[in-house]
>>> print(open('model_22.txt').read())   # compact mmCIF, C-alpha atoms and all ligand atoms
# COMPACT_ATOMS: atom_id res chain seq x y z
CA MET C 1 24.45 13.68 9.38
CA GLN C 2 23.21 17.13 10.42
CA ALA C 3 19.97 19.03 9.88
CA ILE C 4 20.62 21.03 6.71
CA THR C 5 18.91 24.11 5.23
CA ARG C 6 19.63 25.22 1.67
CA LYS C 7 18.12 28.14 -0.24
CA PHE C 8 17.61 28.38 -4.01
CA GLY C 9 15.73 31.57 -4.92
CA LYS C 10 12.14 31.17 -3.70
CA PHE C 11 12.76 27.49 -2.81
CA THR C 12 14.19 26.30 0.49
CA LEU C 13 15.09 22.61 0.99
CA ARG C 14 15.56 21.25 4.54
CA TYR C 15 16.45 17.71 5.61
CA ARG C 16 17.35 15.92 8.79
CA PRO C 17 17.93 12.33 9.92
CA TYR C 18 15.50 10.55 12.21
CA THR C 19 15.36 7.03 13.61
CA LEU C 20 11.99 5.31 13.77
CA GLU C 21 11.59 2.89 16.68
CA LEU C 22 9.56 -0.24 15.97
CA ARG C 23 7.07 -1.54 18.52
CA HIS C 24 8.26 -5.12 17.98
CA VAL C 25 11.41 -6.65 16.55
CA PHE C 26 10.36 -7.28 12.96
CA THR C 27 11.46 -10.45 11.17
CA ILE C 28 11.10 -11.24 7.47
CA ALA C 29 12.94 -13.79 5.32
CA ALA C 30 15.78 -11.23 4.86
CA GLY C 31 16.49 -10.67 8.60
CA SER C 32 15.39 -8.91 11.84
CA ARG C 33 15.56 -5.32 13.10
CA SER C 34 14.07 -2.93 15.70
CA THR C 35 14.67 0.52 14.12
CA THR C 36 14.44 2.06 10.65
CA PRO C 37 16.48 5.13 9.59
CA VAL C 38 14.47 7.83 7.81
CA VAL C 39 15.23 11.32 6.53
CA LEU C 40 12.56 14.01 6.98
CA THR C 41 12.48 16.70 4.28
CA GLU C 42 10.74 20.05 3.81
CA LEU C 43 10.42 21.95 0.58
CA GLU C 44 9.34 25.56 1.06
CA TYR C 45 8.26 27.89 -1.73
CA ASP C 46 7.36 31.48 -1.07
CA GLY C 47 6.29 30.73 2.52
CA THR C 48 4.37 27.46 1.93
CA VAL C 49 5.99 24.26 3.27
CA GLY C 50 5.60 20.74 1.86
CA TYR C 51 6.74 17.72 3.87
CA GLY C 52 8.51 14.64 2.58
CA GLU C 53 10.34 11.57 3.80
CA ALA C 54 12.83 8.90 2.78
CA SER C 55 12.67 5.56 4.59
CA MET C 56 15.70 3.28 4.30
CA PRO C 57 15.27 -0.31 5.48
CA PRO C 58 18.90 -1.52 5.42
CA TYR C 59 18.37 -4.38 2.92
CA LEU C 60 17.50 -1.82 0.21
CA GLY C 61 20.95 -0.20 0.33
CA GLU C 62 20.17 3.44 1.24
CA SER C 63 21.14 5.07 4.56
CA HIS C 64 21.17 8.40 6.40
CA GLN C 65 24.54 9.03 4.74
CA SER C 66 23.53 8.14 1.19
CA VAL C 67 20.28 10.15 1.31
CA SER C 68 22.11 13.13 2.78
CA ALA C 69 24.81 12.89 0.10
CA PHE C 70 22.11 12.76 -2.60
CA LEU C 71 20.20 15.74 -1.18
CA ASP C 72 23.48 17.69 -0.86
CA ARG C 73 23.75 17.46 -4.66
CA VAL C 74 20.26 18.83 -5.31
CA ASP C 75 20.39 22.34 -6.77
CA LEU C 76 16.97 23.88 -7.47
CA SER C 77 18.34 27.25 -8.56
CA GLY C 78 17.40 26.43 -12.19
CA PHE C 79 13.69 26.29 -11.25
CA ASN C 80 11.36 29.13 -10.35
CA ASP C 81 7.92 27.47 -10.56
CA PRO C 82 7.00 24.47 -8.34
CA PHE C 83 4.28 23.49 -10.86
CA HIS C 84 7.00 22.51 -13.35
CA THR C 85 6.74 19.11 -11.65
CA ALA C 86 7.90 17.03 -14.61
CA ASP C 87 11.01 19.19 -15.11
CA ILE C 88 11.91 19.22 -11.43
CA LEU C 89 11.39 15.51 -10.85
CA THR C 90 13.15 14.50 -14.09
CA TYR C 91 16.11 16.60 -12.92
CA ILE C 92 16.02 14.86 -9.51
CA ASP C 93 15.79 11.41 -11.11
CA GLU C 94 18.73 12.10 -13.40
CA LEU C 95 21.02 13.36 -10.61
CA ALA C 96 22.17 9.79 -9.90
CA PRO C 97 20.97 6.23 -10.56
CA LYS C 98 19.01 4.35 -7.85
CA ASN C 99 18.64 6.45 -4.61
CA THR C 100 14.89 5.89 -4.93
CA ALA C 101 14.03 6.76 -1.31
CA ALA C 102 16.10 9.97 -1.50
CA LYS C 103 14.24 10.90 -4.70
CA ALA C 104 10.90 10.09 -3.05
CA SER C 105 11.72 12.47 -0.20
CA VAL C 106 11.83 15.36 -2.69
CA ASP C 107 8.85 14.11 -4.73
CA ILE C 108 6.60 13.80 -1.67
CA ALA C 109 7.57 17.23 -0.31
CA LEU C 110 6.93 18.76 -3.76
CA HIS C 111 3.51 17.09 -4.01
CA ASP C 112 2.58 18.21 -0.51
CA LEU C 113 3.64 21.74 -1.42
CA LEU C 114 1.66 21.72 -4.70
CA GLY C 115 -1.47 20.35 -3.02
CA LYS C 116 -1.26 23.15 -0.47
CA LEU C 117 -0.76 25.76 -3.20
CA MET C 118 -3.86 24.35 -4.98
CA ASN C 119 -5.64 23.97 -1.61
CA GLN C 120 -6.67 20.38 -2.47
CA PRO C 121 -5.73 16.91 -1.25
CA TRP C 122 -4.02 14.76 -3.89
CA TYR C 123 -6.77 12.16 -4.08
CA ARG C 124 -9.06 14.98 -5.30
CA ILE C 125 -6.49 16.33 -7.75
CA TRP C 126 -6.18 12.77 -9.15
CA GLY C 127 -9.95 12.44 -9.27
CA TYR C 128 -10.37 9.60 -6.76
CA ASN C 129 -13.31 9.19 -4.41
CA PRO C 130 -12.15 8.94 -0.77
CA ALA C 131 -15.10 6.63 -0.04
CA ASP C 132 -13.36 4.00 -2.24
CA THR C 133 -10.38 3.48 0.08
CA PRO C 134 -9.62 -0.17 0.91
CA ASN C 135 -9.08 -1.89 4.22
CA THR C 136 -5.41 -1.98 5.12
CA SER C 137 -3.76 -5.18 6.18
CA PHE C 138 -1.75 -5.42 9.38
CA THR C 139 1.55 -7.28 9.11
CA ILE C 140 2.47 -10.28 11.25
CA GLY C 141 6.22 -10.94 11.01
CA ILE C 142 7.79 -14.38 11.29
CA ASP C 143 7.95 -15.26 14.98
CA LYS C 144 7.35 -17.87 17.67
CA ALA C 145 3.80 -19.13 18.05
CA ASP C 146 3.04 -17.24 21.28
CA VAL C 147 4.26 -13.92 19.79
CA VAL C 148 2.25 -14.56 16.62
CA ARG C 149 -0.90 -15.19 18.67
CA GLN C 150 -0.33 -11.98 20.63
CA LYS C 151 0.17 -9.94 17.43
CA VAL C 152 -3.04 -11.34 15.95
CA LEU C 153 -4.89 -10.16 19.07
CA GLU C 154 -3.27 -6.72 18.76
CA ALA C 155 -4.49 -6.62 15.15
CA ALA C 156 -8.12 -6.90 16.30
CA PRO C 157 -9.29 -3.71 14.49
CA TYR C 158 -7.95 -4.93 11.12
CA LYS C 159 -10.10 -6.88 8.68
CA ILE C 160 -7.21 -8.46 6.77
CA LEU C 161 -3.83 -9.68 8.04
CA LYS C 162 -0.62 -9.91 6.06
CA VAL C 163 1.55 -12.85 7.06
CA LYS C 164 5.25 -12.98 6.35
CA LEU C 165 6.31 -16.40 5.04
CA GLY C 166 9.32 -17.83 3.25
CA LEU C 167 11.14 -19.73 6.00
CA ASP C 168 10.55 -23.35 7.05
CA THR C 169 7.89 -22.20 9.55
CA ASP C 170 5.22 -21.28 6.97
CA LYS C 171 2.63 -23.90 7.97
CA MET C 172 3.19 -23.23 11.69
CA MET C 173 2.59 -19.48 11.10
CA ILE C 174 -0.71 -20.08 9.30
CA GLU C 175 -1.93 -22.81 11.68
CA THR C 176 -1.13 -20.60 14.68
CA ILE C 177 -3.06 -17.67 13.21
CA ARG C 178 -5.99 -19.93 12.34
CA GLU C 179 -6.19 -21.01 16.02
CA VAL C 180 -7.10 -17.39 16.86
CA THR C 181 -8.89 -15.86 13.86
CA ASP C 182 -10.70 -16.69 10.60
CA LYS C 183 -9.98 -13.26 9.02
CA PRO C 184 -8.80 -13.25 5.40
CA LEU C 185 -5.02 -13.36 5.10
CA CYS C 186 -2.52 -12.38 2.48
CA ALA C 187 0.89 -14.03 2.40
CA ASP C 188 4.17 -12.29 1.60
CA VAL C 189 6.80 -14.90 0.82
CA ASN C 190 9.55 -12.32 0.14
CA GLN C 191 11.10 -14.61 -2.55
CA GLY C 192 11.44 -17.38 0.02
CA TRP C 193 10.25 -20.33 -2.08
CA LYS C 194 12.74 -21.76 -4.59
CA GLN C 195 10.85 -24.65 -6.31
CA ARG C 196 7.76 -23.91 -8.35
CA GLU C 197 6.05 -27.28 -7.70
CA GLU C 198 6.55 -26.77 -3.98
CA GLY C 199 5.22 -23.23 -4.40
CA LEU C 200 2.09 -24.45 -6.16
CA GLU C 201 1.46 -27.02 -3.46
CA MET C 202 1.77 -24.28 -0.83
CA ALA C 203 -0.48 -21.96 -2.86
CA HIS C 204 -3.24 -24.59 -2.74
CA TRP C 205 -2.63 -25.27 0.96
CA LEU C 206 -2.81 -21.52 1.71
CA ALA C 207 -5.88 -20.93 -0.48
CA GLU C 208 -7.71 -23.67 1.43
CA ARG C 209 -6.92 -21.74 4.62
CA GLY C 210 -8.31 -18.40 3.50
CA VAL C 211 -5.21 -16.76 2.00
CA VAL C 212 -6.45 -14.42 -0.73
CA PHE C 213 -3.21 -13.58 -2.57
CA LEU C 214 0.51 -14.36 -2.60
CA GLU C 215 3.17 -11.67 -2.66
CA GLN C 216 6.51 -12.38 -4.39
CA PRO C 217 6.43 -16.17 -3.99
CA MET C 218 9.79 -16.90 -5.61
CA PRO C 219 13.02 -14.99 -6.34
CA LYS C 220 12.39 -12.25 -8.88
CA GLU C 221 15.11 -13.68 -11.16
CA GLN C 222 13.01 -16.86 -11.59
CA VAL C 223 10.75 -15.14 -14.11
CA ASP C 224 9.50 -18.31 -15.81
CA ASP C 225 8.82 -20.04 -12.49
CA ASN C 226 6.84 -17.06 -11.17
CA ALA C 227 4.89 -16.91 -14.44
CA TRP C 228 4.16 -20.66 -14.24
CA LEU C 229 3.01 -20.34 -10.65
CA THR C 230 0.76 -17.38 -11.53
CA GLU C 231 -0.75 -19.39 -14.41
CA ASN C 232 -1.53 -22.37 -12.16
CA SER C 233 -2.14 -20.80 -8.76
CA PRO C 234 -5.67 -20.82 -7.35
CA ILE C 235 -5.05 -17.31 -5.92
CA PRO C 236 -3.50 -14.19 -7.52
CA THR C 237 0.21 -13.40 -7.25
CA VAL C 238 1.67 -9.94 -6.69
CA GLY C 239 5.19 -8.90 -7.71
CA ASP C 240 6.94 -6.77 -5.10
CA GLU C 241 10.73 -7.22 -5.18
CA ALA C 242 10.36 -7.70 -8.98
CA VAL C 243 8.55 -4.39 -9.43
CA GLN C 244 10.44 -1.25 -8.54
CA ARG C 245 9.54 1.41 -11.10
CA LEU C 246 7.26 2.21 -14.03
CA GLU C 247 9.30 0.20 -16.56
CA ASP C 248 8.92 -2.92 -14.37
CA VAL C 249 5.12 -2.91 -14.70
CA ARG C 250 5.38 -3.91 -18.35
CA ARG C 251 7.81 -6.71 -17.45
CA ALA C 252 5.54 -7.94 -14.66
CA PHE C 253 2.63 -8.32 -17.08
CA GLY C 254 2.17 -12.08 -17.66
CA VAL C 255 4.50 -12.96 -14.78
CA TYR C 256 2.34 -11.83 -11.84
CA SER C 257 -1.38 -11.10 -11.48
CA GLY C 258 -0.57 -7.73 -9.95
CA ILE C 259 2.06 -5.32 -8.65
CA ASN C 260 2.93 -3.89 -5.25
CA ILE C 261 3.64 -0.15 -5.50
CA LYS C 262 5.75 1.49 -2.80
CA LEU C 263 6.80 5.14 -2.88
CA MET C 264 10.31 4.31 -1.61
CA LYS C 265 10.93 1.90 -4.50
CA CYS C 266 9.48 4.00 -7.32
CA THR C 267 10.77 7.53 -6.41
CA GLY C 268 7.47 8.89 -5.12
CA MET C 269 3.90 9.91 -5.86
CA ARG C 270 4.32 10.95 -9.49
CA GLU C 271 5.66 7.57 -10.63
CA ALA C 272 3.40 5.61 -8.24
CA HIS C 273 0.36 7.21 -9.84
CA ARG C 274 1.61 6.38 -13.34
CA MET C 275 2.31 2.76 -12.30
CA ALA C 276 -1.18 2.33 -10.85
CA GLU C 277 -2.83 3.71 -13.97
CA LEU C 278 -0.67 1.54 -16.27
CA ALA C 279 -1.39 -1.62 -14.25
CA ARG C 280 -5.10 -0.82 -14.37
CA ALA C 281 -4.90 -0.40 -18.15
CA LEU C 282 -3.22 -3.85 -18.34
CA ASP C 283 -6.02 -5.31 -16.19
CA MET C 284 -3.55 -6.17 -13.43
CA LYS C 285 -4.23 -6.08 -9.70
CA VAL C 286 -2.75 -3.18 -7.77
CA MET C 287 -1.46 -3.35 -4.23
CA LEU C 288 -0.12 -0.35 -2.34
CA GLY C 289 2.62 -1.09 0.19
CA CYS C 290 5.07 0.77 2.39
CA MET C 291 8.22 0.53 4.48
CA THR C 292 8.24 1.44 8.14
CA GLU C 293 7.63 5.13 7.69
CA THR C 294 6.13 8.06 9.58
CA SER C 295 2.60 9.18 8.73
CA CYS C 296 4.22 11.52 6.19
CA ALA C 297 5.15 8.94 3.54
CA ILE C 298 2.20 6.73 4.53
CA SER C 299 -0.30 9.56 4.02
CA ALA C 300 1.34 10.41 0.69
CA ALA C 301 0.88 6.80 -0.48
CA ALA C 302 -2.66 6.70 0.89
CA GLN C 303 -3.71 9.44 -1.58
CA LEU C 304 -3.56 6.69 -4.22
CA SER C 305 -5.42 4.10 -2.17
CA PRO C 306 -8.95 4.64 -3.59
CA VAL C 307 -7.76 3.11 -6.89
CA VAL C 308 -6.02 -0.02 -5.51
CA ASP C 309 -7.28 -3.54 -4.76
CA TRP C 310 -5.27 -4.08 -1.59
CA ALA C 311 -3.42 -1.75 0.76
CA ASP C 312 -0.71 -2.57 3.23
CA LEU C 313 -0.27 0.82 4.87
CA ASP C 314 0.52 -0.20 8.43
CA GLY C 315 4.09 1.17 8.40
CA ALA C 316 3.45 4.06 10.79
CA LEU C 317 1.32 1.88 13.09
CA LEU C 318 4.30 -0.43 13.66
CA THR C 319 6.34 2.49 15.08
CA SER C 320 6.32 4.18 18.48
CA ASN C 321 7.71 7.66 17.64
CA ASP C 322 5.79 8.93 14.61
CA ILE C 323 6.02 12.74 14.56
CA TYR C 324 3.08 13.32 12.16
CA ARG C 325 -0.62 12.59 12.00
CA GLY C 326 -2.40 12.07 8.71
CA MET C 327 -4.14 9.08 7.21
CA GLU C 328 -6.05 7.18 9.90
CA VAL C 329 -7.16 3.58 10.04
CA VAL C 330 -10.71 3.29 11.37
CA LYS C 331 -12.16 -0.21 11.80
CA GLY C 332 -9.43 -1.43 9.47
CA LYS C 333 -10.27 0.98 6.65
CA VAL C 334 -8.01 3.74 5.29
CA ILE C 335 -9.53 7.15 6.07
CA LEU C 336 -8.13 10.07 4.09
CA PRO C 337 -8.08 13.47 5.77
CA ASP C 338 -9.84 16.24 3.83
CA THR C 339 -6.71 18.37 4.09
CA PRO C 340 -4.66 19.89 1.23
CA GLY C 341 -1.52 18.17 -0.04
CA ILE C 342 -0.74 14.81 1.59
CA GLY C 343 -2.92 15.72 4.57
CA ILE C 344 -0.50 15.68 7.52
CA ARG C 345 0.18 17.83 10.55
CA LEU C 346 2.69 17.55 13.39
CA ASN C 347 1.72 15.04 16.07
CA GLY C 348 0.73 16.43 19.46
MG MG C 401 6.46 -7.58 0.04
>>> encode(input="model_22.txt", output="structure tokens")
Amino acid sequence: MQAITRKFGKFTLRYRPYTLELRHVFTIAAGSRSTTPVVLTELEYDGTVGYGEASMPPYLGESHQSVSAFLDRVDLSGFNDPFHTADILTYIDELAPKNTAAKASVDIALHDLLGKLMNQPWYRIWGYNPADTPNTSFTIGIDKADVVRQKVLEAAPYKILKVKLGLDTDKMMIETIREVTDKPLCADVNQGWKQREEGLEMAHWLAERGVVFLEQPMPKEQVDDNAWLTENSPIPTVGDEAVQRLEDVRRAFGVYSGINIKLMKCTGMREAHRMAELARALDMKVMLGCMTETSCAISAAAQLSPVVDWADLDGALLTSNDIYRGMEVVKGKVILPDTPGIGIRLNG
């Protein structure tokens, strides 16, 4: 895949592949890896440039090739006003099914562009107070005890840790972490538990050890089991794999206590904002997550963070070759830059 530039009247769309290097081999119930392919996009209108990104962890099915093929099909020549956001993003969404990261790469660039044209950061446009941002968790992948201990020490600035569970090492992971810290934890099971009674037993065991919520405890297809666990669990549950887009929020109501919103699953900032507001209206918890991403997609997601209960926005911190700077984490808390759009600039 090459760097591509395409012009449509006053719009110019650029995209190029990039490979993010991870600081540590990252293991979750679905497998291990040390890089993540991303595509970096730019949408220019009349001299102003918005930045966007698609991140494609392999288990989600998109790749450099698929995102490039999707973006090759985009034709913005029917649009002459970037503020026709609904028209533009409906057109993008209807170009092909799925391809959610590819769609997000256009959505984020368009939002960055619009924020710059309005000279306001998105959290202000949405009416959120940047003082309300949450602490972000730092993720500890499934690993050997000595590596887990070392990662917990590296996570010293963070006030909450996210622990990946779902293999037969769950109790070892928690006991190892508890040897080193008494910080609150959240547990992401990534659909790893199969029996609801076993899940409930683990939920109690984890709650007694300071775990504050459970992400996607059982396979998303086991709707009744997840609902039963949510009903009986001493701590809230959050649907992640079960919740991709806006329509899934309604289905998650009554099955999980909350939802995990990620820009790469839901096609970007426009839909993420609608999901958060709908979940709030349903009195559900809202978590904001990410893939391994540069500070571009992370800073875009962070614009929504003042309205969420929990944030897991460590994706750029897990990488060693981020090309942007934007949202910062200071003493574990998300700090939003007072900069128009998604608030990023080139690193260095
Ligand atoms: Mg998750």
>>> residues_around(input="model_22.txt", residues="Arg16 in chain C", least_positions_apart="6", cutoff="10 Å", atoms="only C-alpha atoms", output="PDB file with C-alpha atoms, keeping the file's coordinate frame")
ATOM      1  CA  MET C   1      24.450  13.680   9.380  1.00  0.00           C
ATOM      2  CA  GLN C   2      23.210  17.130  10.420  1.00  0.00           C
ATOM      3  CA  ALA C   3      19.970  19.030   9.880  1.00  0.00           C
ATOM      4  CA  ILE C   4      20.620  21.030   6.710  1.00  0.00           C
ATOM      5  CA  THR C   5      18.910  24.110   5.230  1.00  0.00           C
ATOM      6  CA  VAL C  38      14.470   7.830   7.810  1.00  0.00           C
ATOM      7  CA  VAL C  39      15.230  11.320   6.530  1.00  0.00           C
ATOM      8  CA  LEU C  40      12.560  14.010   6.980  1.00  0.00           C
ATOM      9  CA  THR C  41      12.480  16.700   4.280  1.00  0.00           C
ATOM     10  CA  GLU C  42      10.740  20.050   3.810  1.00  0.00           C
ATOM     11  CA  GLU C  53      10.340  11.570   3.800  1.00  0.00           C
ATOM     12  CA  HIS C  64      21.170   8.400   6.400  1.00  0.00           C
ATOM     13  CA  VAL C  67      20.280  10.150   1.310  1.00  0.00           C
ATOM     14  CA  SER C  68      22.110  13.130   2.780  1.00  0.00           C
TER      15      SER C  68
END
>>> closest_residue(input="model_22.txt", among="C:Glu241, C:Asp93, C:Glu277, C:Glu231", to="ligand MG 401 (chain C)", atoms="all atoms listed in the file")
C:Glu241
>>> closest_residue(input="model_22.txt", among="C:Ala187, C:Ala227, C:Val255, C:Ile177", to="ligand MG 401 (chain C)", atoms="all atoms listed in the file")
C:Ala187
>>> closest_atom_pairs(input="model_22.txt", of="chain C", to="ligand MG 401 (chain C)", cutoff="9 Å", atoms="all atoms listed in the file", output="CSV")
residue,atom,partner,partner_atom,distance
C:Lys164,CA,C:MG401,MG,8.4
C:Ala187,CA,C:MG401,MG,8.8
C:Asp188,CA,C:MG401,MG,5.5
C:Val189,CA,C:MG401,MG,7.4
C:Asn190,CA,C:MG401,MG,5.7
C:Gln191,CA,C:MG401,MG,8.8
C:Glu215,CA,C:MG401,MG,5.9
C:Gln216,CA,C:MG401,MG,6.5
C:Val238,CA,C:MG401,MG,8.6
C:Gly239,CA,C:MG401,MG,8.0
C:Asp240,CA,C:MG401,MG,5.2
C:Glu241,CA,C:MG401,MG,6.8
C:Asn260,CA,C:MG401,MG,7.4
C:Gly289,CA,C:MG401,MG,7.5
C:Cys290,CA,C:MG401,MG,8.8
>>> closest_residue(input="model_22.txt", among="C:Arg325, C:Leu282, C:Leu161, C:Ala276", to="Thr294 in chain C", atoms="only C-alpha atoms")
C:Arg325
>>> atom_distance(input="model_22.txt", atom1="CA of Pro340 in chain C", atom2="CA of Gly115 in chain C")
5.3 Å
>>> closest_residue(input="model_22.txt", among="C:Gly192, C:Pro306, C:Pro121, C:Gly258", to="Gly341 in chain C", atoms="all atoms listed in the file")
C:Pro121
>>> closest_residue(input="model_22.txt", among="C:Thr19, C:Thr48, C:Thr181, C:Thr85", to="Lys116 in chain C", atoms="all atoms listed in the file")
C:Thr48
>>> atom_distance(input="model_22.txt", atom1="CA of Glu247 in chain C", atom2="CA of Gln222 in chain C")
18.2 Å
>>> residues_around(input="model_22.txt", residues="Leu13 in chain C", least_positions_apart="3", cutoff="10 Å", atoms="all atoms listed in the file", output="short mmCIF file (atom, residue, chain, number, x, y, z; two decimals) with C-alpha atoms, in the frame of the given file")
data_model
loop_
_atom_site.label_atom_id
_atom_site.label_comp_id
_atom_site.auth_asym_id
_atom_site.auth_seq_id
_atom_site.Cartn_x
_atom_site.Cartn_y
_atom_site.Cartn_z
CA ILE C 4 20.62 21.03 6.71
CA THR C 5 18.91 24.11 5.23
CA ARG C 6 19.63 25.22 1.67
CA LYS C 7 18.12 28.14 -0.24
CA PHE C 8 17.61 28.38 -4.01
CA THR C 41 12.48 16.70 4.28
CA GLU C 42 10.74 20.05 3.81
CA LEU C 43 10.42 21.95 0.58
CA GLU C 44 9.34 25.56 1.06
CA TYR C 45 8.26 27.89 -1.73
CA VAL C 49 5.99 24.26 3.27
CA GLY C 50 5.60 20.74 1.86
CA LEU C 71 20.20 15.74 -1.18
CA ASP C 72 23.48 17.69 -0.86
CA VAL C 74 20.26 18.83 -5.31
CA ASP C 75 20.39 22.34 -6.77
CA LEU C 76 16.97 23.88 -7.47
CA VAL C 106 11.83 15.36 -2.69
CA ALA C 109 7.57 17.23 -0.31
#
>>> closest_residue(input="model_22.txt", among="C:Ala131, C:Met172, C:Ile160, C:Ala203", to="Trp310 in chain C", atoms="all atoms listed in the file")
C:Ile160
>>> atom_distance(input="model_22.txt", atom1="CA of Ile235 in chain C", atom2="CA of Leu313 in chain C")
21.6 Å
>>> residues_around(input="model_22.txt", residues="Met287 in chain C", least_positions_apart="6", cutoff="7 Å", atoms="all atoms listed in the file", output="PyMOL selection string")
chain C and resi 259-261+308-311
>>> residues_near_point(input="model_22.txt", point="(11.2, 13.8, -6.5)", cutoff="12 Å", atoms="all atoms listed in the file", output="ChimeraX atom specification")
/C:41,43,51-54,70-71,74,76,82,84-95,99-112,263-264,266-272
>>> residues_around(input="model_22.txt", residues="Val330 in chain C", least_positions_apart="5", cutoff="9 Å", atoms="only C-alpha atoms", output="number ranges by chain")
C: 135, 157-158, 335
>>> residues_around(input="model_22.txt", residues="Ala302 in chain C", least_positions_apart="2", cutoff="9 Å", atoms="only C-alpha atoms", output="list in words")
Tyr123, Thr133, Leu288, Ala297, Ile298, Ser299, Ala300, Leu304, Ser305, Pro306, Ala311, Leu313, Met327, Val334, Ile335, Leu336 and Ile342 of chain C
>>> build_atoms(input="model_22.txt", residues="range 193-204 of chain C", atoms="N, CA, C and O atoms", output="PDB file, keeping the file's coordinate frame")
ATOM      1  N   TRP C 193      10.401 -18.983  -1.519  1.00  0.00           N
ATOM      2  CA  TRP C 193      10.250 -20.330  -2.080  1.00  0.00           C
ATOM      3  C   TRP C 193      11.144 -20.457  -3.312  1.00  0.00           C
ATOM      4  O   TRP C 193      11.239 -19.540  -4.125  1.00  0.00           O
ATOM      5  N   LYS C 194      11.782 -21.608  -3.480  1.00  0.00           N
ATOM      6  CA  LYS C 194      12.740 -21.760  -4.590  1.00  0.00           C
ATOM      7  C   LYS C 194      12.236 -22.711  -5.685  1.00  0.00           C
ATOM      8  O   LYS C 194      12.698 -22.621  -6.816  1.00  0.00           O
ATOM      9  N   GLN C 195      11.335 -23.643  -5.343  1.00  0.00           N
ATOM     10  CA  GLN C 195      10.850 -24.650  -6.310  1.00  0.00           C
ATOM     11  C   GLN C 195       9.410 -24.352  -6.664  1.00  0.00           C
ATOM     12  O   GLN C 195       8.566 -24.243  -5.778  1.00  0.00           O
ATOM     13  N   ARG C 196       9.114 -24.309  -7.972  1.00  0.00           N
ATOM     14  CA  ARG C 196       7.760 -23.910  -8.350  1.00  0.00           C
ATOM     15  C   ARG C 196       6.701 -24.947  -7.981  1.00  0.00           C
ATOM     16  O   ARG C 196       5.586 -24.591  -7.613  1.00  0.00           O
ATOM     17  N   GLU C 197       7.041 -26.246  -8.058  1.00  0.00           N
ATOM     18  CA  GLU C 197       6.050 -27.280  -7.700  1.00  0.00           C
ATOM     19  C   GLU C 197       5.700 -27.171  -6.223  1.00  0.00           C
ATOM     20  O   GLU C 197       4.535 -27.279  -5.834  1.00  0.00           O
ATOM     21  N   GLU C 198       6.739 -26.956  -5.420  1.00  0.00           N
ATOM     22  CA  GLU C 198       6.550 -26.770  -3.980  1.00  0.00           C
ATOM     23  C   GLU C 198       5.701 -25.510  -3.727  1.00  0.00           C
ATOM     24  O   GLU C 198       4.818 -25.498  -2.879  1.00  0.00           O
ATOM     25  N   GLY C 199       5.968 -24.481  -4.507  1.00  0.00           N
ATOM     26  CA  GLY C 199       5.220 -23.230  -4.400  1.00  0.00           C
ATOM     27  C   GLY C 199       3.745 -23.440  -4.721  1.00  0.00           C
ATOM     28  O   GLY C 199       2.865 -22.924  -4.023  1.00  0.00           O
ATOM     29  N   LEU C 200       3.483 -24.210  -5.760  1.00  0.00           N
ATOM     30  CA  LEU C 200       2.090 -24.450  -6.160  1.00  0.00           C
ATOM     31  C   LEU C 200       1.352 -25.252  -5.090  1.00  0.00           C
ATOM     32  O   LEU C 200       0.196 -24.962  -4.768  1.00  0.00           O
ATOM     33  N   GLU C 201       2.051 -26.231  -4.541  1.00  0.00           N
ATOM     34  CA  GLU C 201       1.460 -27.020  -3.460  1.00  0.00           C
ATOM     35  C   GLU C 201       1.097 -26.124  -2.272  1.00  0.00           C
ATOM     36  O   GLU C 201       0.008 -26.211  -1.711  1.00  0.00           O
ATOM     37  N   MET C 202       2.023 -25.228  -1.935  1.00  0.00           N
ATOM     38  CA  MET C 202       1.770 -24.280  -0.830  1.00  0.00           C
ATOM     39  C   MET C 202       0.632 -23.317  -1.190  1.00  0.00           C
ATOM     40  O   MET C 202      -0.185 -22.964  -0.335  1.00  0.00           O
ATOM     41  N   ALA C 203       0.583 -22.886  -2.448  1.00  0.00           N
ATOM     42  CA  ALA C 203      -0.480 -21.960  -2.860  1.00  0.00           C
ATOM     43  C   ALA C 203      -1.850 -22.601  -2.633  1.00  0.00           C
ATOM     44  O   ALA C 203      -2.771 -21.951  -2.122  1.00  0.00           O
ATOM     45  N   HIS C 204      -1.978 -23.877  -2.983  1.00  0.00           N
ATOM     46  CA  HIS C 204      -3.240 -24.590  -2.740  1.00  0.00           C
ATOM     47  C   HIS C 204      -3.516 -24.723  -1.248  1.00  0.00           C
ATOM     48  O   HIS C 204      -4.627 -24.477  -0.775  1.00  0.00           O
TER      49      HIS C 204
END
